[in-house]
Structure formats: C-alpha cells, structure tokens
Amino acid sequence: MKAAGTLIGAFAALAIIGSASAQTKSGIEKLYILNCGEGVAGDISRWSPGVNVGKSMEFVDNCYLIRHAEGWMLWDTGVADAIAAMPDGQAPSDPRMTHWRRPKTLASQLEELGVRPADIKYVAVSHSHPDHIGNVALFPQSMLLVQKFEYEWPGPTGTPRFKPEQPVTKLEGDHDVFGDGSVTIIATPGHTPGHQSLLVRLPKTGALVLSGDAVHFQSNWENRGIPANNTDKDQTLASMQRIADILAKEKGTL
Ligand SMILES: [Zn+2]
C-alpha cells in the first residue's frame, strides 16, 4: 500500500516510466505500473500511532511489471482479482482498515500488454499481506522470489502463506535477479519478518526503489513513523535507513 499522491505518486495503469536505450548493457527494457487495487483507509493512525487519529485516506496498490531481456518479472500482485467482481468492493471487518476496490483485474492488464501468466519468469512479492499476494496463484509456473523468513512465517490462523506447490526460491538477504545488477531485491525487514524492496536501475530514468510497505506515508518517511502492527520496530528503522542510504548512493527515487 502507498498513500495516494505521495512518494512515487504514479497511479495510471499501464504507465511506462522508463525505457532503455539500444546501446545500454543492462538487460532491462521497460517498467510498467499496473493498477492492483484502490482503497480507502478508515483511520490512518493505524500506520502512524497518535497522528491523524480518525482521518481517512485514499490508498493505491500498485504492481510493477518489468520486461528484461532474460524474461518478464512481476513485483507484487495486489489485492485479489475476485474483488473486481464485487459491486461495492471488499469492506474490511474493522472500519479503521482499508476498503478495497479493483477497477481492473491484474489478468486483464497483462492481457492488454500481450503477456500471458506463463510468460512471467519471476513473481517477487514485497511481503505476504493480502494486498500484495492476492494473485500469486495466477502464476503457478512462475518462480516465486520471497525471503525465507517471510515464507516460513505462519499465517494468522497458523496455515502457510503460500501454496506448497508454487515453485519458490527462498532468499536469505539481497538478490541480483538477472545477474546484471539491473534488478536487485533488497532485504528490508520490519513491517513483516521477511519484507523486501526492489532496486530497479533504469537506463534512462535512473534508480528507483519500490518500497512495498517499508514506509506508507511521506510523513512517516520524514519522521520515521512506524505502524503499530509492524512486526519489529528496530528492523523497520534500520530498513528505512538502508533505503535512504541506497537512494543517496544511487541518486535514486523512492
Ligand atoms: Zn503490509
């Protein structure tokens, strides 16, 4: 989740925010932003304890599709496509949480681009909350890239968070996905035990960090605010600092 209008601020489905020049050595060719859900959070003080109590906010939930010479990669899968068929979206049990809508399915956006689910080589998820893993099951042939700590973290009812039949690479730290430095998974635990972010080095646009839920609001980034339900406060602070250091070094954009 990200607060609408903050951080990267991009919202349009299928927007292309970077493309490669022919002479570059990097295998990365394009990054597409997909609409993977739109929500209204009932009370944003859940993410910033004591601040903005009772205030609601629109949320966007993006997925990112990367075209690389070595194959397609999807980063995050959003809320479940089934929500698109619900006339009033998916209302939360607790009104302080997020009421999700799905204006377009992930499947339909891939189809518009001429990409079949079987074409996706890697599906990587920032973490295992439902608004990020809602459509992993659409990609039974893709290799799931997830941190071991996240994969092995029991779900709320003690059940596994991922289907055992899903092909998976359980990561233990950072991972250079295509081996050319263009797309690197960065371990950023704290929001959940195995939260991860993605450093994408686009030949024209430069470096981007796709931060998942490492931080939700601009104000939380500036004030190092930590949501009440994060699994580890110290890890969260260390991960935010790690992202800040990477942005400084890469002259990157969050
Ligand atoms: Zn989350």
# chains A, B, ... in the order shown; residues from 1 in each chain; ligands from 1

call {"tool": "residues_near_ligand", "arguments": {"ligand": "ligand 1", "cutoff": "10 Å", "atoms": "only C-alpha atoms and all ligand atoms", "output": "list of chain:residue names"}}
result
A:Met1, A:Lys2, A:Ser126, A:His127, A:Ser128, A:His129, A:Pro130, A:Asp131, A:His132, A:His191, A:Thr192, A:His195, A:Gly212, A:Asp213, A:Ala214, A:Val215, A:His216, A:Pro227, A:Asn229, A:Asn230

call {"tool": "residues_around", "arguments": {"residues": "Trp221 of chain A", "least_positions_apart": "3", "cutoff": "12 Å", "atoms": "only C-alpha atoms", "output": "number ranges by chain"}}
result
A: 2-3, 6-7, 47-48, 211, 213-218, 224-227, 236-237, 239-241, 243-244, 254

call {"tool": "atom_distance", "arguments": {"atom1": "atom CA of Val123 of chain A", "atom2": "atom CA of Val183 of chain A"}}
result
12.7 Å

call {"tool": "select_by_dssp", "arguments": {"residues": "segment 3-247 of chain A", "states": "strand (DSSP E)", "output": "count of residues only"}}
result
74

call {"tool": "atom_distance", "arguments": {"atom1": "atom CA of Lys25 of chain A", "atom2": "atom CA of Gly173 of chain A"}}
result
25.5 Å

call {"tool": "residues_around", "arguments": {"residues": "Ser56 of chain A", "least_positions_apart": "5", "cutoff": "9 Å", "atoms": "only C-alpha atoms", "output": "list in words"}}
result
Val40, Ala41, Gly42, Asp43, Ile44, Ser45 and Arg96 of chain A

call {"tool": "residues_around", "arguments": {"residues": "Gly134 of chain A", "least_positions_apart": "4", "cutoff": "6 Å", "atoms": "only C-alpha atoms", "output": "short mmCIF file (atom, residue, chain, number, x, y, z; two decimals) with C-alpha atoms, in the first residue's frame"}}
result
data_model
loop_
_atom_site.label_atom_id
_atom_site.label_comp_id
_atom_site.auth_asym_id
_atom_site.auth_seq_id
_atom_site.Cartn_x
_atom_site.Cartn_y
_atom_site.Cartn_z
CA THR A 77 0.34 -8.93 -7.19
CA GLY A 78 -2.09 -6.61 -5.38
CA VAL A 79 -5.49 -7.42 -3.94
CA ALA A 80 -7.27 -10.47 -5.35
CA PRO A 130 -3.21 -9.93 1.36
#

call {"tool": "residues_around", "arguments": {"residues": "Val125 of chain A", "least_positions_apart": "3", "cutoff": "8 Å", "atoms": "only C-alpha atoms", "output": "mmCIF file with N, CA and C atoms, in the first residue's frame"}}
result
data_model
loop_
_atom_site.group_PDB
_atom_site.id
_atom_site.type_symbol
_atom_site.label_atom_id
_atom_site.label_comp_id
_atom_site.auth_asym_id
_atom_site.auth_seq_id
_atom_site.Cartn_x
_atom_site.Cartn_y
_atom_site.Cartn_z
ATOM 1 N N TRP A 75 6.453 -7.583 -9.859
ATOM 2 C CA TRP A 75 6.724 -7.232 -8.459
ATOM 3 C C TRP A 75 5.398 -6.910 -7.793
ATOM 4 N N ASP A 76 5.025 -7.738 -6.835
ATOM 5 C CA ASP A 76 3.752 -7.664 -6.104
ATOM 6 C C ASP A 76 2.573 -8.010 -7.019
ATOM 7 N N THR A 77 1.494 -8.483 -6.401
ATOM 8 C CA THR A 77 0.344 -8.929 -7.193
ATOM 9 C C THR A 77 -0.970 -8.268 -6.758
ATOM 10 N N SER A 128 3.904 -10.683 2.553
ATOM 11 C CA SER A 128 2.792 -11.625 2.384
ATOM 12 C C SER A 128 1.444 -11.097 2.866
ATOM 13 N N HIS A 132 -0.838 -7.674 -1.230
ATOM 14 C CA HIS A 132 0.374 -7.834 -2.042
ATOM 15 C C HIS A 132 0.474 -9.224 -2.688
ATOM 16 N N ILE A 133 -0.191 -10.203 -2.065
ATOM 17 C CA ILE A 133 -0.087 -11.578 -2.604
ATOM 18 C C ILE A 133 -1.415 -12.098 -3.154
ATOM 19 N N LEU A 144 8.548 -17.998 -7.638
ATOM 20 C CA LEU A 144 8.283 -17.002 -6.594
ATOM 21 C C LEU A 144 9.587 -16.668 -5.877
ATOM 22 N N LEU A 145 9.893 -15.379 -5.784
ATOM 23 C CA LEU A 145 11.095 -14.927 -5.078
ATOM 24 C C LEU A 145 10.651 -14.248 -3.782
ATOM 25 N N VAL A 146 10.926 -14.901 -2.674
ATOM 26 C CA VAL A 146 10.462 -14.391 -1.377
ATOM 27 C C VAL A 146 11.517 -14.724 -0.326
ATOM 28 N N GLN A 196 10.724 -7.262 1.770
ATOM 29 C CA GLN A 196 11.816 -6.923 0.854
ATOM 30 C C GLN A 196 11.384 -5.790 -0.068
#
